[in-house]
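Only one structure is covered here, and it is reproduced in the block below.
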Amino acid sequence: MTTILMIKTEIQNLYARYEKIVRPSARGVFAFVLLLMINDRIGYMTRLDNVFIVLLASVLCGLLPMGFTAFVCALFLVAHVSSLSIEVAGVLLAVLLCMFLLYLRLCGSKQYIVLLLTPLAFVLHIPYVMPLVVGVAGGMSSAIAVSLGVVTYYYLSYIVENAAAITAISDNDSLEKISTAISGLVSNEEMWIMAVIFLLVGVVVYLICRTSIDYGWMIAVVSAALLNAILNILAVLSFEIELSLVELLVETAVSALIAMLVTFLMRGLDYSRAEKVQFEDDEYYYYVKAVPKMHVTTASRTVKRINSPRNRR
């Protein structure tokens with residue numbers, strides 16, 4: 001544990017020293033990974049599947065706020081789907097606009113990273129880490145952002161899985177293409193069930209972390225991971241969702257371990273030194289529980305050079 005805290009302190013010191021370089025670089029690398037993933041999994045427009053275009057877009061994303069990264073990713077998605085079908089691309093554009101407007105209304109404009117990370121977590125087979133982490137590090141709005149990310153992933157997966165059926169529809173039958181695209185959003189039970197499960201799990205983590213119990217963040221992650229497994233099993237039994245039980249348990253366990261590590265690094269608390277304080281003013285009487293954060297001072301090395309005096313002639 002001491003080693004982990006020392007590594008955390010070193011990372012914090014490096015980040016504070018090189019923040020002006022680290023932040024844009026991290027945004028650029030993150031955008032580069034997302035755009036490569038979009039080109040690899042959707043990639044209907046071959047002209048966008050160019051490393052120089054991806055690099056240029058990533059550099060711009062690194063220099064501008066995270067909202068611009070979300071805009072560029074949405075632009076790539078719509079452009080790729082437009083090569084498959086203009087009508088489906090129009091429906092996707094309308095869905096993304098509604099999601100962004102809803103997101104800005106409910107979540108604000110500073111948490112786009114949650115919306116972007118959720119589909120990436122699905123691709124990496126650790127989707128359940130998102131509601132567990134954002135419940136601790138974020139809040140209710142972050143749980144909503146995770147649900148919107150779930151909708152984005154499932155709807156794009158529907159488009160990819162039904163690409164052959166969409167292209168088989170005659171170009172003159174635009175209404176049928178639009179109907180197929182809308183049915184993938186409205187009639188996709190698995191998508192909406194997973195979105196609700198992720199929302200509930202994130203809210204449970206957030207509510208438990210808001211309590212003053214000792215090791216609340218650890219209890220929150222473990223409880224929410226169990227809740228996630230139970231809700232997914234119930235969804236499989238009730239709605240005939242295709243999901244491997246072994247895969248569910250493994251992904252939930254891995255996500256819980258990652259969430260516990262992340263939350264420990266973000267909110268490592270020393271409950272052995274917790275204090276309860278009472279004080280009052282003219283209008284209220286306060287009961288406060290103060291829990292200090294874990295800190296480890298890194299050893300600083302100083303090199304002292306001693307030069308022996310030279311004999312002068």
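We name chains A, B, ... following the order of the structure tokens; residues begin at 1 in each chain, and ligands are numbered from 1 as shown.
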
Which of range 139-307 of chain A fall in helix (DSSP H, G or I), as a PyMOL selection string: chain A and resi 140-161+163-168+174-186+189-209+216-239+245-267+271-273

Closest-contact table, range 87-145 of chain A side, partner range 211-232 of chain A, 10 Å, counting only C-alpha atoms, as CSV:
residue,atom,partner,partner_atom,distance
A:Tyr128,CA,A:Asn228,CA,7.8
A:Val129,CA,A:Ala225,CA,9.0
A:Pro131,CA,A:Ala224,CA,8.7
A:Leu132,CA,A:Val221,CA,6.0
A:Val133,CA,A:Val221,CA,8.1
A:Gly135,CA,A:Val221,CA,8.6
A:Val136,CA,A:Trp217,CA,6.7
A:Ala137,CA,A:Trp217,CA,9.8

Closest contacts (range 64-181 of chain A/range 13-32 of chain A, max 12 Å, only C-alpha atoms) as a tab-separated table:
residue	atom	partner	partner_atom	distance
A:Leu64	CA	A:Pro24	CA	7.9
A:Pro65	CA	A:Arg27	CA	8.3
A:Met66	CA	A:Arg27	CA	7.2
A:Gly67	CA	A:Arg27	CA	10.7
A:Phe68	CA	A:Ala31	CA	9.8
A:Thr69	CA	A:Ala31	CA	6.3
A:Ala70	CA	A:Ala31	CA	8.8
A:Phe71	CA	A:Ala31	CA	10.8
A:Val72	CA	A:Ala31	CA	8.7
A:Cys73	CA	A:Ala31	CA	8.1
A:Ala74	CA	A:Ala31	CA	11.8
A:Phe76	CA	A:Ala31	CA	11.6
A:Tyr112	CA	A:Arg27	CA	11.6
A:Ile113	CA	A:Phe30	CA	9.4
A:Leu116	CA	A:Ala31	CA	9.4
A:Leu117	CA	A:Phe30	CA	9.3
A:Leu120	CA	A:Phe30	CA	10.3

Save the residues we just selected, N, CA, C and O atoms, as a CSV table (one decimal), in the first residue's frame?
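After the write, result-v5.csv holds the following:
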chain,number,residue,atom,x,y,z
A,64,LEU,N,-7.9,21.6,-27.9
A,64,LEU,CA,-9.3,22.2,-27.6
A,64,LEU,C,-9.9,21.4,-26.4
A,64,LEU,O,-9.4,20.3,-26.1
A,65,PRO,N,-11.0,21.9,-25.8
A,65,PRO,CA,-11.6,21.2,-24.7
A,65,PRO,C,-12.2,19.8,-25.1
A,65,PRO,O,-12.3,19.5,-26.3
A,66,MET,N,-12.6,19.0,-24.1
A,66,MET,CA,-13.0,17.7,-24.3
A,66,MET,C,-14.3,17.7,-25.1
A,66,MET,O,-14.6,16.7,-25.9
A,67,GLY,N,-15.1,18.7,-25.1
A,67,GLY,CA,-16.3,18.8,-25.9
A,67,GLY,C,-16.1,18.7,-27.3
A,67,GLY,O,-16.9,18.1,-28.1
A,68,PHE,N,-14.9,19.2,-27.8
A,68,PHE,CA,-14.5,19.2,-29.2
A,68,PHE,C,-14.2,17.7,-29.6
A,68,PHE,O,-14.5,17.3,-30.7
A,69,THR,N,-13.6,16.9,-28.7
A,69,THR,CA,-13.4,15.5,-29.0
A,69,THR,C,-14.7,14.8,-29.2
A,69,THR,O,-14.8,14.0,-30.1
A,70,ALA,N,-15.7,15.1,-28.4
A,70,ALA,CA,-17.0,14.5,-28.6
A,70,ALA,C,-17.6,14.8,-29.9
A,70,ALA,O,-18.2,14.0,-30.6
A,71,PHE,N,-17.4,16.1,-30.3
A,71,PHE,CA,-17.9,16.6,-31.6
A,71,PHE,C,-17.3,15.9,-32.8
A,71,PHE,O,-17.9,15.4,-33.7
A,72,VAL,N,-15.9,15.7,-32.7
A,72,VAL,CA,-15.2,15.1,-33.7
A,72,VAL,C,-15.6,13.6,-33.9
A,72,VAL,O,-15.7,13.0,-35.0
A,73,CYS,N,-15.7,12.9,-32.7
A,73,CYS,CA,-16.1,11.5,-32.7
A,73,CYS,C,-17.5,11.4,-33.4
A,73,CYS,O,-17.8,10.5,-34.2
A,74,ALA,N,-18.5,12.3,-33.0
A,74,ALA,CA,-19.8,12.2,-33.6
A,74,ALA,C,-19.7,12.5,-35.1
A,74,ALA,O,-20.4,11.8,-35.9
A,76,PHE,N,-17.2,11.8,-37.1
A,76,PHE,CA,-16.7,10.6,-37.7
A,76,PHE,C,-17.8,9.5,-37.8
A,76,PHE,O,-17.9,8.8,-38.9
A,112,TYR,N,-17.8,15.2,-20.6
A,112,TYR,CA,-17.8,14.5,-21.9
A,112,TYR,C,-17.0,13.2,-21.8
A,112,TYR,O,-17.2,12.2,-22.6
A,113,ILE,N,-15.9,13.2,-21.0
A,113,ILE,CA,-15.0,12.1,-21.0
A,113,ILE,C,-15.8,10.8,-20.5
A,113,ILE,O,-15.5,9.7,-21.0
A,116,LEU,N,-17.7,9.4,-23.5
A,116,LEU,CA,-16.8,8.9,-24.5
A,116,LEU,C,-16.1,7.6,-24.0
A,116,LEU,O,-15.8,6.7,-24.8
A,117,LEU,N,-15.9,7.5,-22.7
A,117,LEU,CA,-15.2,6.3,-22.1
A,117,LEU,C,-16.1,5.1,-22.1
A,117,LEU,O,-15.6,4.0,-22.1
A,120,LEU,N,-15.9,2.8,-25.1
A,120,LEU,CA,-14.5,2.3,-25.1
A,120,LEU,C,-14.4,1.1,-24.1
A,120,LEU,O,-13.7,0.1,-24.3

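Coordinates place CA of Asp171 in chain A at a distance of 26.4 Å from CA of Tyr153 in chain A.
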
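Between Ile258 in chain A and the candidates A:Asn39, A:Val146, A:Asn50, A:Ala121, the tightest atom-to-atom separation, counting only C-alpha atoms, involves A:Ala121.
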
When distances are computed from only C-alpha atoms, which of A:Leu55, A:Ala181, A:Ile126, A:Ile166 shows the smallest separation from Ser83 in chain A? A:Ile166

Which residue gives the smallest distance to Ala259 in chain A among A:Pro127, A:Gly149, A:Pro292, A:Gly184, with only C-alpha atoms counted?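 Ranked by minimum distance to Ala259 in chain A, first place goes to A:Pro127.
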
Nearest residue to Ile159 in chain A from the set A:Met45, A:Val91, A:Ala57, A:Ala195 (distances using only C-alpha atoms): A:Val91
